[in-house]
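Novice: Attaching a single structure in structure tokens format; questions to follow.
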Amino acid sequence: MLISPTPHARAASPQSATRVSLPRADQYFEVRFESIGGLGAHAAGQVLATAAVVRMGLNGAHFSSYGSEKKGSLIRSYVRLAEGDRPIRTSAPIDRPDVVVVFHAALLRNASTFSGLKANGVLIYNAPPGVVPTELAALPKTARVIRVDATGIAMQQHSRPNAVFLGTVCAVCPWLDRQSVLDALSEEFAGKHPEAVASNERAFEAGAAHYEQLAGAGTADGDLSPLQGEALWGWQTQPAGGLLPAPGNTIWNDLTTSRTGWMPVLDSAKCIHCGVCDLVCPDYCLAWGESDDGDKFVRKLKGVDYRYCKGCLRCVESCPTGALARTTETPGLADKLRVPLFPELIA
């Protein structure tokens, strides 16, 4: 992974800062944002660190790690805070966070998402009210688990999930000066996107007010183990070069986390099976099959394999009859409506 340090380590002047103190003055307070490209985790970390340093009198550092900078790829953003008189002399990734913020619920399937969370830490994840994911049982039993419908709130307020999460973080960490973070958020967008300032403020306030704490979600004792680093390969243990260990693995690719709240849904009664949607789909996620009802269409569009759909909605934009419509994605809807492209390989 590429580590891109963009530290915010300037001390705030006493006149401009609302002085705050960390929960433990002798320790760093560390936040890890777990996200995918396109949801604004990097910007959220930058805003939080800037507010802490410039407006709260703390020392802080912010940096993100990611591979290919594109929608749907994994990104982690780190914020490390210290008391104003304590320097920060490390830019190592945060492996024992006090707070983990998960921008997409699908990331909970990967144990590394909440690895290293402290026993008294906080996990905040994005999901509407409903069933509690079984993956949360791996969390410490003493950790606070917060659920907020960040995507739903962002869509309602014409904002982004990062603004919602910043509000929630301030609410569950009351030692943070909420107004300072909100001011930093507004300042971040006032120059290039002034039209977004008001909607971001509404999303921030909604995130601070509309969240729920889940009781009894975790079952583990003590701190979670930190994420293990990559193995140090030697001449006897390194893998053979020039080989593809998993050839033909494209069909196993899963783009579920690329969708950001919307998905295309097919109304078969309106479809004329013209194939225009198939021409514009960048991921070939539309499932076609032979006509089974003896009508005039030999080949018919059966539905969408949402495993490969990243939610670009080009099919919706190009459909001449409105058979494909933009629909809010709710938990379980994609699994219910999915038509598998490779049923013999992936159920």
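Chain lettering (A, B, ...) mirrors the order of the structure tokens, residue numbering begins at 1 for each chain separately, and ligand numbering begins at 1 in order of display.
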I'd like the neighbourhood of Gly332 in chain A as number ranges by chain, where a residue qualifies if any of its atoms comes within 12 Å (using only C-alpha atoms), though same-chain residues fewer than 3 positions away should be ignored.

Specialist: A: 105-106, 127-128, 130-131, 133, 256, 306, 328-329, 335-338

Novice: Where in range 9-177 of chain A does DSSP assign strand (DSSP E or B), given as a PyMOL selection string?

Specialist: chain A and resi 29-36+59-66+74-82+99-102+122-126+140+144-148

Novice: Could the residues in this selection be written to a file with N, CA, C and O atoms, as a compact mmCIF listing (two decimals), in the first residue's frame?

Specialist:
```txt
# COMPACT_ATOMS: atom_id res chain seq x y z
N PHE A 29 -4.62 9.54 20.98
CA PHE A 29 -5.99 9.13 20.65
C PHE A 29 -6.03 8.90 19.15
O PHE A 29 -5.71 9.81 18.37
N GLU A 30 -6.40 7.69 18.72
CA GLU A 30 -6.22 7.30 17.33
C GLU A 30 -7.55 6.83 16.72
O GLU A 30 -8.28 6.03 17.32
N VAL A 31 -7.81 7.35 15.53
CA VAL A 31 -9.04 7.02 14.79
C VAL A 31 -8.65 6.43 13.45
O VAL A 31 -7.76 6.96 12.76
N ARG A 32 -9.30 5.33 13.08
CA ARG A 32 -9.05 4.71 11.77
C ARG A 32 -10.35 4.67 10.98
O ARG A 32 -11.34 4.09 11.44
N PHE A 33 -10.35 5.31 9.82
CA PHE A 33 -11.51 5.27 8.93
C PHE A 33 -11.30 4.14 7.92
O PHE A 33 -10.31 4.14 7.19
N GLU A 34 -12.23 3.20 7.89
CA GLU A 34 -12.19 2.08 6.95
C GLU A 34 -13.23 2.34 5.87
O GLU A 34 -14.41 2.47 6.16
N SER A 35 -12.78 2.41 4.61
CA SER A 35 -13.73 2.83 3.58
C SER A 35 -13.32 2.27 2.23
O SER A 35 -12.38 1.47 2.11
N ILE A 36 -14.04 2.71 1.22
CA ILE A 36 -13.70 2.45 -0.17
C ILE A 36 -13.63 3.80 -0.87
O ILE A 36 -14.18 4.80 -0.41
N ASN A 59 -1.97 18.48 19.13
CA ASN A 59 -1.09 18.08 18.04
C ASN A 59 -1.75 16.92 17.32
O ASN A 59 -2.45 16.11 17.92
N GLY A 60 -1.53 16.83 16.02
CA GLY A 60 -2.20 15.79 15.26
C GLY A 60 -1.51 15.48 13.96
O GLY A 60 -0.71 16.28 13.45
N ALA A 61 -1.79 14.31 13.42
CA ALA A 61 -1.29 13.91 12.13
C ALA A 61 -2.39 13.15 11.41
O ALA A 61 -3.15 12.39 12.02
N HIS A 62 -2.47 13.37 10.11
CA HIS A 62 -3.44 12.65 9.29
C HIS A 62 -2.74 12.14 8.04
O HIS A 62 -1.94 12.85 7.43
N PHE A 63 -3.01 10.90 7.67
CA PHE A 63 -2.49 10.34 6.44
C PHE A 63 -3.38 9.18 6.04
O PHE A 63 -4.10 8.61 6.87
N SER A 64 -3.38 8.86 4.77
CA SER A 64 -4.22 7.78 4.26
C SER A 64 -3.38 6.76 3.53
O SER A 64 -2.29 7.07 3.01
N SER A 65 -3.88 5.56 3.44
CA SER A 65 -3.22 4.51 2.67
C SER A 65 -4.23 3.90 1.72
O SER A 65 -5.37 3.64 2.09
N TYR A 66 -3.83 3.73 0.51
CA TYR A 66 -4.72 3.15 -0.50
C TYR A 66 -3.88 2.65 -1.66
O TYR A 66 -2.71 3.02 -1.83
N LEU A 74 -10.15 -0.23 -1.76
CA LEU A 74 -10.02 -0.07 -0.31
C LEU A 74 -9.17 1.15 0.04
O LEU A 74 -8.15 1.42 -0.60
N ILE A 75 -9.59 1.88 1.05
CA ILE A 75 -8.83 3.00 1.56
C ILE A 75 -8.94 3.04 3.08
O ILE A 75 -10.01 2.76 3.63
N ARG A 76 -7.84 3.33 3.74
CA ARG A 76 -7.83 3.55 5.18
C ARG A 76 -7.27 4.94 5.43
O ARG A 76 -6.25 5.32 4.86
N SER A 77 -7.93 5.68 6.28
CA SER A 77 -7.48 7.02 6.63
C SER A 77 -7.26 7.07 8.14
O SER A 77 -8.09 6.57 8.91
N TYR A 78 -6.13 7.63 8.55
CA TYR A 78 -5.72 7.60 9.94
C TYR A 78 -5.63 9.00 10.53
O TYR A 78 -5.11 9.92 9.88
N VAL A 79 -6.09 9.15 11.76
CA VAL A 79 -5.94 10.40 12.50
C VAL A 79 -5.34 10.06 13.86
O VAL A 79 -5.90 9.26 14.62
N ARG A 80 -4.19 10.67 14.14
CA ARG A 80 -3.50 10.44 15.41
C ARG A 80 -3.40 11.78 16.14
O ARG A 80 -2.87 12.75 15.59
N LEU A 81 -3.91 11.85 17.37
CA LEU A 81 -3.96 13.09 18.13
C LEU A 81 -3.17 12.95 19.43
O LEU A 81 -3.13 11.87 20.03
N ALA A 82 -2.56 14.07 19.85
CA ALA A 82 -1.81 14.12 21.10
C ALA A 82 -2.04 15.47 21.76
O ALA A 82 -2.50 16.42 21.12
N VAL A 99 -11.00 4.40 17.98
CA VAL A 99 -12.26 4.49 17.23
C VAL A 99 -12.03 3.94 15.83
O VAL A 99 -11.03 4.29 15.17
N VAL A 100 -12.92 3.08 15.38
CA VAL A 100 -12.93 2.60 13.99
C VAL A 100 -14.25 3.03 13.37
O VAL A 100 -15.32 2.76 13.92
N VAL A 101 -14.17 3.71 12.23
CA VAL A 101 -15.36 4.16 11.52
C VAL A 101 -15.42 3.41 10.19
O VAL A 101 -14.50 3.50 9.37
N VAL A 102 -16.50 2.65 9.98
CA VAL A 102 -16.64 1.79 8.81
C VAL A 102 -17.67 2.41 7.87
O VAL A 102 -18.85 2.48 8.20
N VAL A 122 -14.45 2.21 20.30
CA VAL A 122 -15.75 2.49 19.68
C VAL A 122 -15.70 2.05 18.22
O VAL A 122 -14.74 2.37 17.50
N LEU A 123 -16.70 1.30 17.79
CA LEU A 123 -16.88 0.98 16.38
C LEU A 123 -18.13 1.67 15.89
O LEU A 123 -19.21 1.49 16.46
N ILE A 124 -18.00 2.47 14.83
CA ILE A 124 -19.14 3.13 14.21
C ILE A 124 -19.25 2.58 12.80
O ILE A 124 -18.27 2.62 12.03
N TYR A 125 -20.43 2.07 12.44
CA TYR A 125 -20.55 1.52 11.09
C TYR A 125 -21.82 2.02 10.41
O TYR A 125 -22.79 2.41 11.06
N ASN A 126 -21.79 1.98 9.10
CA ASN A 126 -22.83 2.54 8.25
C ASN A 126 -23.86 1.47 7.90
O ASN A 126 -23.55 0.51 7.19
N PRO A 140 -14.79 -6.65 20.95
CA PRO A 140 -14.73 -6.77 22.41
C PRO A 140 -16.11 -6.54 23.03
O PRO A 140 -16.85 -5.66 22.61
N ARG A 144 -18.01 -0.02 22.56
CA ARG A 144 -19.27 0.60 22.16
C ARG A 144 -19.46 0.39 20.67
O ARG A 144 -18.54 0.67 19.87
N VAL A 145 -20.62 -0.08 20.29
CA VAL A 145 -20.94 -0.33 18.88
C VAL A 145 -22.05 0.63 18.47
O VAL A 145 -23.14 0.59 19.03
N ILE A 146 -21.76 1.47 17.48
CA ILE A 146 -22.69 2.52 17.05
C ILE A 146 -23.09 2.27 15.61
O ILE A 146 -22.23 2.07 14.75
N ARG A 147 -24.38 2.29 15.35
CA ARG A 147 -24.88 2.15 13.98
C ARG A 147 -25.55 3.46 13.56
O ARG A 147 -26.38 4.00 14.29
N VAL A 148 -25.19 3.93 12.39
CA VAL A 148 -25.80 5.15 11.85
C VAL A 148 -26.03 4.94 10.36
O VAL A 148 -25.18 4.38 9.65
```

Novice: One decimal, in Å: what's the spacing between CA of Leu266 in chain A and CA of Ser291 in chain A?

Specialist: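 Going from CA of Leu266 in chain A over to CA of Ser291 in chain A, I get 16.2 Å.
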
Novice: Considering only C-alpha atoms, state which residue in the set A:Gly37, A:Gly216, A:Pro226, A:Pro87 is at the smallest distance from Gly116 in chain A.

Specialist: A:Pro226

Novice: Hey, which of A:Gln213, A:Asn249, A:Thr260, A:Ser318 ends up closest to Gly38 in chain A? Count only C-alpha atoms.

Specialist: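 Of A:Gln213, A:Asn249, A:Thr260, A:Ser318, the one nearest Gly38 in chain A, counting only C-alpha atoms, is A:Thr260.
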
Novice: Extract, using only C-alpha atoms, all DNA, RNA and protein residues at most 12 Å from Asp223 in chain A, discarding same-chain residues fewer than 3 positions from it, and format them as an mmCIF file with all heavy atoms, in the first residue's frame.

Specialist:
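Below is the file that was written, result-v7.cif:
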```
data_model
loop_
_atom_site.group_PDB
_atom_site.id
_atom_site.type_symbol
_atom_site.label_atom_id
_atom_site.label_comp_id
_atom_site.auth_asym_id
_atom_site.auth_seq_id
_atom_site.Cartn_x
_atom_site.Cartn_y
_atom_site.Cartn_z
ATOM 1 N N ASP A 95 -2.633 0.645 14.245
ATOM 2 C CA ASP A 95 -3.037 -0.757 14.381
ATOM 3 C C ASP A 95 -3.748 -1.052 15.692
ATOM 4 O O ASP A 95 -4.241 -2.160 15.895
ATOM 5 C CB ASP A 95 -1.834 -1.694 14.210
ATOM 6 C CG ASP A 95 -0.721 -1.415 15.213
ATOM 7 O OD1 ASP A 95 -0.903 -0.529 16.076
ATOM 8 O OD2 ASP A 95 0.327 -2.093 15.134
ATOM 9 N N ARG A 96 -3.820 -0.062 16.607
ATOM 10 C CA ARG A 96 -4.571 -0.232 17.848
ATOM 11 C C ARG A 96 -5.460 0.997 18.057
ATOM 12 O O ARG A 96 -5.205 1.825 18.941
ATOM 13 C CB ARG A 96 -3.617 -0.438 19.035
ATOM 14 C CG ARG A 96 -2.791 -1.720 18.930
ATOM 15 C CD ARG A 96 -1.936 -1.941 20.160
ATOM 16 N NE ARG A 96 -1.138 -3.132 20.046
ATOM 17 C CZ ARG A 96 -1.530 -4.368 20.337
ATOM 18 N NH1 ARG A 96 -2.779 -4.547 20.772
ATOM 19 N NH2 ARG A 96 -0.739 -5.407 20.208
ATOM 20 N N PRO A 97 -6.508 1.122 17.262
ATOM 21 C CA PRO A 97 -7.326 2.341 17.279
ATOM 22 C C PRO A 97 -8.246 2.427 18.492
ATOM 23 O O PRO A 97 -8.688 1.417 19.045
ATOM 24 C CB PRO A 97 -8.144 2.228 15.995
ATOM 25 C CG PRO A 97 -8.272 0.752 15.781
ATOM 26 C CD PRO A 97 -6.979 0.162 16.260
ATOM 27 N N ASP A 98 -8.531 3.672 18.875
ATOM 28 C CA ASP A 98 -9.565 3.926 19.876
ATOM 29 C C ASP A 98 -10.945 3.945 19.220
ATOM 30 O O ASP A 98 -11.939 3.571 19.855
ATOM 31 C CB ASP A 98 -9.316 5.272 20.551
ATOM 32 C CG ASP A 98 -8.020 5.299 21.338
ATOM 33 O OD1 ASP A 98 -8.014 4.795 22.468
ATOM 34 O OD2 ASP A 98 -7.019 5.808 20.812
ATOM 35 N N PHE A 114 -11.822 -4.275 11.708
ATOM 36 C CA PHE A 114 -11.839 -3.814 13.099
ATOM 37 C C PHE A 114 -10.709 -4.420 13.917
ATOM 38 O O PHE A 114 -10.745 -4.452 15.145
ATOM 39 C CB PHE A 114 -13.189 -4.101 13.774
ATOM 40 C CG PHE A 114 -13.809 -5.421 13.408
ATOM 41 C CD1 PHE A 114 -13.393 -6.596 13.990
ATOM 42 C CD2 PHE A 114 -14.822 -5.477 12.463
ATOM 43 C CE1 PHE A 114 -13.956 -7.807 13.668
ATOM 44 C CE2 PHE A 114 -15.413 -6.687 12.119
ATOM 45 C CZ PHE A 114 -14.980 -7.864 12.729
ATOM 46 N N SER A 115 -9.668 -4.900 13.257
ATOM 47 C CA SER A 115 -8.532 -5.479 13.970
ATOM 48 C C SER A 115 -7.875 -4.436 14.866
ATOM 49 O O SER A 115 -7.800 -3.253 14.535
ATOM 50 C CB SER A 115 -7.511 -6.018 12.969
ATOM 51 O OG SER A 115 -6.975 -4.960 12.194
ATOM 52 N N GLY A 116 -7.411 -4.877 16.015
ATOM 53 C CA GLY A 116 -6.695 -4.007 16.934
ATOM 54 C C GLY A 116 -7.567 -3.100 17.773
ATOM 55 O O GLY A 116 -7.040 -2.331 18.592
ATOM 56 N N LEU A 117 -8.883 -3.134 17.615
ATOM 57 C CA LEU A 117 -9.756 -2.238 18.385
ATOM 58 C C LEU A 117 -9.578 -2.505 19.880
ATOM 59 O O LEU A 117 -9.591 -3.648 20.331
ATOM 60 C CB LEU A 117 -11.219 -2.452 17.991
ATOM 61 C CG LEU A 117 -12.237 -1.530 18.667
ATOM 62 C CD1 LEU A 117 -12.037 -0.087 18.226
ATOM 63 C CD2 LEU A 117 -13.661 -1.991 18.356
ATOM 64 N N LYS A 118 -9.420 -1.420 20.623
ATOM 65 C CA LYS A 118 -9.213 -1.560 22.064
ATOM 66 C C LYS A 118 -10.490 -2.025 22.757
ATOM 67 O O LYS A 118 -11.596 -1.818 22.258
ATOM 68 C CB LYS A 118 -8.756 -0.224 22.644
ATOM 69 C CG LYS A 118 -7.389 0.214 22.135
ATOM 70 C CD LYS A 118 -6.990 1.562 22.699
ATOM 71 C CE LYS A 118 -5.627 2.000 22.172
ATOM 72 N NZ LYS A 118 -5.227 3.340 22.658
ATOM 73 N N ALA A 119 -10.293 -2.635 23.920
ATOM 74 C CA ALA A 119 -11.435 -3.194 24.650
ATOM 75 C C ALA A 119 -12.470 -2.133 24.999
ATOM 76 O O ALA A 119 -13.671 -2.404 25.027
ATOM 77 C CB ALA A 119 -10.948 -3.894 25.915
ATOM 78 N N ASN A 120 -12.018 -0.918 25.255
ATOM 79 C CA ASN A 120 -12.939 0.173 25.570
ATOM 80 C C ASN A 120 -13.122 1.117 24.384
ATOM 81 O O ASN A 120 -13.509 2.277 24.560
ATOM 82 C CB ASN A 120 -12.429 0.959 26.776
ATOM 83 C CG ASN A 120 -11.057 1.585 26.526
ATOM 84 O OD1 ASN A 120 -10.371 1.211 25.572
ATOM 85 N ND2 ASN A 120 -10.663 2.514 27.377
ATOM 86 N N GLY A 121 -12.849 0.611 23.188
ATOM 87 C CA GLY A 121 -12.933 1.426 21.982
ATOM 88 C C GLY A 121 -14.357 1.559 21.456
ATOM 89 O O GLY A 121 -15.327 1.086 22.061
ATOM 90 N N VAL A 122 -14.453 2.214 20.297
ATOM 91 C CA VAL A 122 -15.746 2.488 19.678
ATOM 92 C C VAL A 122 -15.699 2.045 18.219
ATOM 93 O O VAL A 122 -14.741 2.371 17.499
ATOM 94 C CB VAL A 122 -16.099 3.990 19.739
ATOM 95 C CG1 VAL A 122 -17.437 4.254 19.048
ATOM 96 C CG2 VAL A 122 -16.131 4.486 21.168
ATOM 97 N N ALA A 138 -17.292 -10.658 16.922
ATOM 98 C CA ALA A 138 -15.844 -10.718 17.125
ATOM 99 C C ALA A 138 -15.311 -9.492 17.856
ATOM 100 O O ALA A 138 -14.136 -9.455 18.235
ATOM 101 C CB ALA A 138 -15.133 -10.854 15.776
ATOM 102 N N LEU A 139 -16.142 -8.477 18.084
ATOM 103 C CA LEU A 139 -15.701 -7.270 18.764
ATOM 104 C C LEU A 139 -15.576 -7.505 20.276
ATOM 105 O O LEU A 139 -16.181 -8.429 20.818
ATOM 106 C CB LEU A 139 -16.707 -6.144 18.515
ATOM 107 C CG LEU A 139 -16.843 -5.652 17.082
ATOM 108 C CD1 LEU A 139 -17.998 -4.666 16.978
ATOM 109 C CD2 LEU A 139 -15.554 -4.994 16.609
ATOM 110 N N PRO A 140 -14.792 -6.653 20.949
ATOM 111 C CA PRO A 140 -14.734 -6.766 22.411
ATOM 112 C C PRO A 140 -16.111 -6.535 23.031
ATOM 113 O O PRO A 140 -16.854 -5.657 22.609
ATOM 114 C CB PRO A 140 -13.754 -5.649 22.807
ATOM 115 C CG PRO A 140 -12.940 -5.391 21.587
ATOM 116 C CD PRO A 140 -13.861 -5.635 20.432
ATOM 117 N N LYS A 141 -16.435 -7.308 24.040
ATOM 118 C CA LYS A 141 -17.757 -7.183 24.670
ATOM 119 C C LYS A 141 -17.927 -5.851 25.391
ATOM 120 O O LYS A 141 -19.055 -5.418 25.642
ATOM 121 C CB LYS A 141 -17.974 -8.343 25.644
ATOM 122 C CG LYS A 141 -17.005 -8.405 26.811
ATOM 123 C CD LYS A 141 -17.324 -9.535 27.781
ATOM 124 C CE LYS A 141 -17.173 -10.882 27.122
ATOM 125 N NZ LYS A 141 -17.339 -11.996 28.099
ATOM 126 N N THR A 142 -16.814 -5.191 25.725
ATOM 127 C CA THR A 142 -16.879 -3.906 26.416
ATOM 128 C C THR A 142 -16.798 -2.717 25.462
ATOM 129 O O THR A 142 -16.852 -1.562 25.909
ATOM 130 C CB THR A 142 -15.739 -3.800 27.439
ATOM 131 O OG1 THR A 142 -14.487 -4.081 26.789
ATOM 132 C CG2 THR A 142 -15.946 -4.786 28.576
ATOM 133 N N ALA A 143 -16.637 -2.963 24.166
ATOM 134 C CA ALA A 143 -16.562 -1.870 23.194
ATOM 135 C C ALA A 143 -17.952 -1.300 22.916
ATOM 136 O O ALA A 143 -18.962 -2.012 23.011
ATOM 137 C CB ALA A 143 -15.935 -2.360 21.891
ATOM 138 N N GLY A 218 -20.689 -7.375 20.806
ATOM 139 C CA GLY A 218 -19.401 -8.055 20.879
ATOM 140 C C GLY A 218 -19.367 -9.135 21.942
ATOM 141 O O GLY A 218 -20.124 -9.097 22.925
ATOM 142 N N THR A 219 -18.478 -10.124 21.751
ATOM 143 C CA THR A 219 -18.357 -11.239 22.707
ATOM 144 C C THR A 219 -16.921 -11.503 23.124
ATOM 145 O O THR A 219 -16.678 -12.326 23.990
ATOM 146 C CB THR A 219 -18.933 -12.529 22.095
ATOM 147 O OG1 THR A 219 -18.215 -12.846 20.894
ATOM 148 C CG2 THR A 219 -20.416 -12.369 21.770
ATOM 149 N N ALA A 220 -15.948 -10.807 22.512
ATOM 150 C CA ALA A 220 -14.542 -11.083 22.792
ATOM 151 C C ALA A 220 -14.092 -10.391 24.071
ATOM 152 O O ALA A 220 -14.658 -9.377 24.489
ATOM 153 C CB ALA A 220 -13.668 -10.627 21.620
ATOM 154 N N PRO A 226 -3.941 -6.832 16.610
ATOM 155 C CA PRO A 226 -3.746 -5.920 15.476
ATOM 156 C C PRO A 226 -3.575 -6.668 14.178
ATOM 157 O O PRO A 226 -3.300 -7.873 14.165
ATOM 158 C CB PRO A 226 -2.476 -5.156 15.855
ATOM 159 C CG PRO A 226 -1.739 -6.084 16.764
ATOM 160 C CD PRO A 226 -2.799 -6.824 17.528
#
```

Novice: Determine which residues of range 104-330 of chain A DSSP labels as helix (DSSP H, G or I) from the backbone of this structure, then write them out as a compact mmCIF listing (two decimals) with C-alpha atoms, in the first residue's frame.

Specialist:
```
# COMPACT_ATOMS: atom_id res chain seq x y z
CA ALA A 105 -21.20 -2.43 6.04
CA ALA A 106 -19.80 -4.96 3.55
CA LEU A 107 -16.33 -4.23 4.94
CA LEU A 108 -17.38 -5.91 8.20
CA ARG A 109 -16.94 -9.26 6.44
CA ALA A 111 -11.80 -9.20 10.10
CA SER A 112 -8.99 -6.74 9.38
CA THR A 113 -11.56 -3.94 9.31
CA PHE A 114 -11.84 -3.81 13.10
CA THR A 134 -23.04 -11.60 12.96
CA GLU A 135 -19.50 -10.38 12.26
CA LEU A 136 -19.82 -7.92 15.15
CA ALA A 137 -19.63 -10.82 17.61
CA ALA A 138 -15.84 -10.72 17.12
CA ALA A 150 -24.85 7.49 7.00
CA THR A 151 -25.72 6.71 3.39
CA GLY A 152 -29.44 7.28 3.93
CA ILE A 153 -28.88 10.56 5.75
CA ALA A 154 -26.39 11.75 3.13
CA MET A 155 -28.82 11.01 0.30
CA GLN A 156 -31.63 12.80 2.12
CA GLN A 157 -29.50 15.88 2.80
CA PRO A 161 -21.41 9.95 4.26
CA ASN A 162 -18.21 11.56 5.55
CA ALA A 163 -20.11 14.62 6.82
CA VAL A 164 -22.55 12.33 8.66
CA PHE A 165 -19.77 10.30 10.26
CA LEU A 166 -17.97 13.40 11.51
CA GLY A 167 -21.13 14.38 13.36
CA THR A 168 -21.44 10.92 14.87
CA VAL A 169 -17.79 10.85 15.94
CA CYS A 170 -18.26 14.17 17.75
CA ALA A 171 -21.39 12.86 19.47
CA VAL A 172 -19.79 9.64 20.78
CA ARG A 178 -18.27 19.78 17.93
CA GLN A 179 -18.44 23.35 16.62
CA SER A 180 -14.74 23.29 15.76
CA VAL A 181 -15.16 20.18 13.62
CA LEU A 182 -18.24 21.62 11.92
CA ASP A 183 -16.40 24.88 11.18
CA ALA A 184 -13.47 22.94 9.72
CA LEU A 185 -15.86 20.91 7.56
CA SER A 186 -17.53 24.05 6.21
CA GLU A 187 -14.18 25.72 5.58
CA GLU A 188 -12.93 22.67 3.68
CA PHE A 189 -15.70 22.98 1.08
CA ALA A 190 -16.39 26.72 1.11
CA PRO A 194 -19.72 26.49 -1.62
CA GLU A 195 -23.03 24.95 -2.67
CA ALA A 196 -22.22 21.91 -0.51
CA VAL A 197 -21.64 23.79 2.74
CA ALA A 198 -25.26 23.98 3.90
CA SER A 199 -26.06 20.36 3.00
CA ASN A 200 -22.89 19.16 4.74
CA GLU A 201 -23.85 21.04 7.88
CA ARG A 202 -27.30 19.43 7.88
CA ALA A 203 -25.76 15.99 7.37
CA PHE A 204 -23.27 16.63 10.19
CA GLU A 205 -26.03 17.59 12.62
CA ALA A 206 -28.15 14.61 11.60
CA GLY A 207 -25.20 12.26 12.14
CA ALA A 208 -24.74 13.69 15.64
CA ALA A 209 -28.42 13.21 16.49
CA ASN A 249 -10.17 -15.11 -11.04
CA THR A 250 -12.17 -12.30 -12.65
CA ILE A 251 -15.44 -14.14 -12.10
CA TRP A 252 -14.76 -14.16 -8.35
CA THR A 256 -20.71 -4.92 -3.94
CA THR A 257 -18.83 -2.32 -1.93
CA SER A 258 -18.61 0.00 -4.93
CA VAL A 276 -28.74 -0.83 -25.11
CA CYS A 277 -28.07 -1.32 -21.39
CA ASP A 278 -25.67 -4.14 -22.22
CA LEU A 279 -23.74 -1.87 -24.59
CA VAL A 280 -23.06 0.75 -21.90
CA ARG A 314 -25.41 3.92 -16.90
CA CYS A 315 -28.00 1.27 -17.74
CA VAL A 316 -30.70 3.38 -16.09
CA GLU A 317 -29.61 6.50 -17.97
CA SER A 318 -29.68 4.72 -21.35
```

Novice: What's the separation between CA of Leu243 in chain A and CA of Leu345 in chain A, in Å to one decimal place?

Specialist: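 Between CA of Leu243 in chain A and CA of Leu345 in chain A the gap is 23.2 Å.
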
Novice: Quick one: of A:Leu176, A:Val54, A:Asn110, A:Leu333, who's nearest to Val20 in chain A, counting only C-alpha atoms?

Specialist: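 Ranking A:Leu176, A:Val54, A:Asn110, A:Leu333 by distance to Val20 in chain A, first place goes to A:Leu176.
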
Novice: I'd like to know which of A:Ala287, A:Ile88, A:Ala269, A:Cys281 is closest to Ala323 in chain A, using only C-alpha atoms.

Specialist: A:Ala269
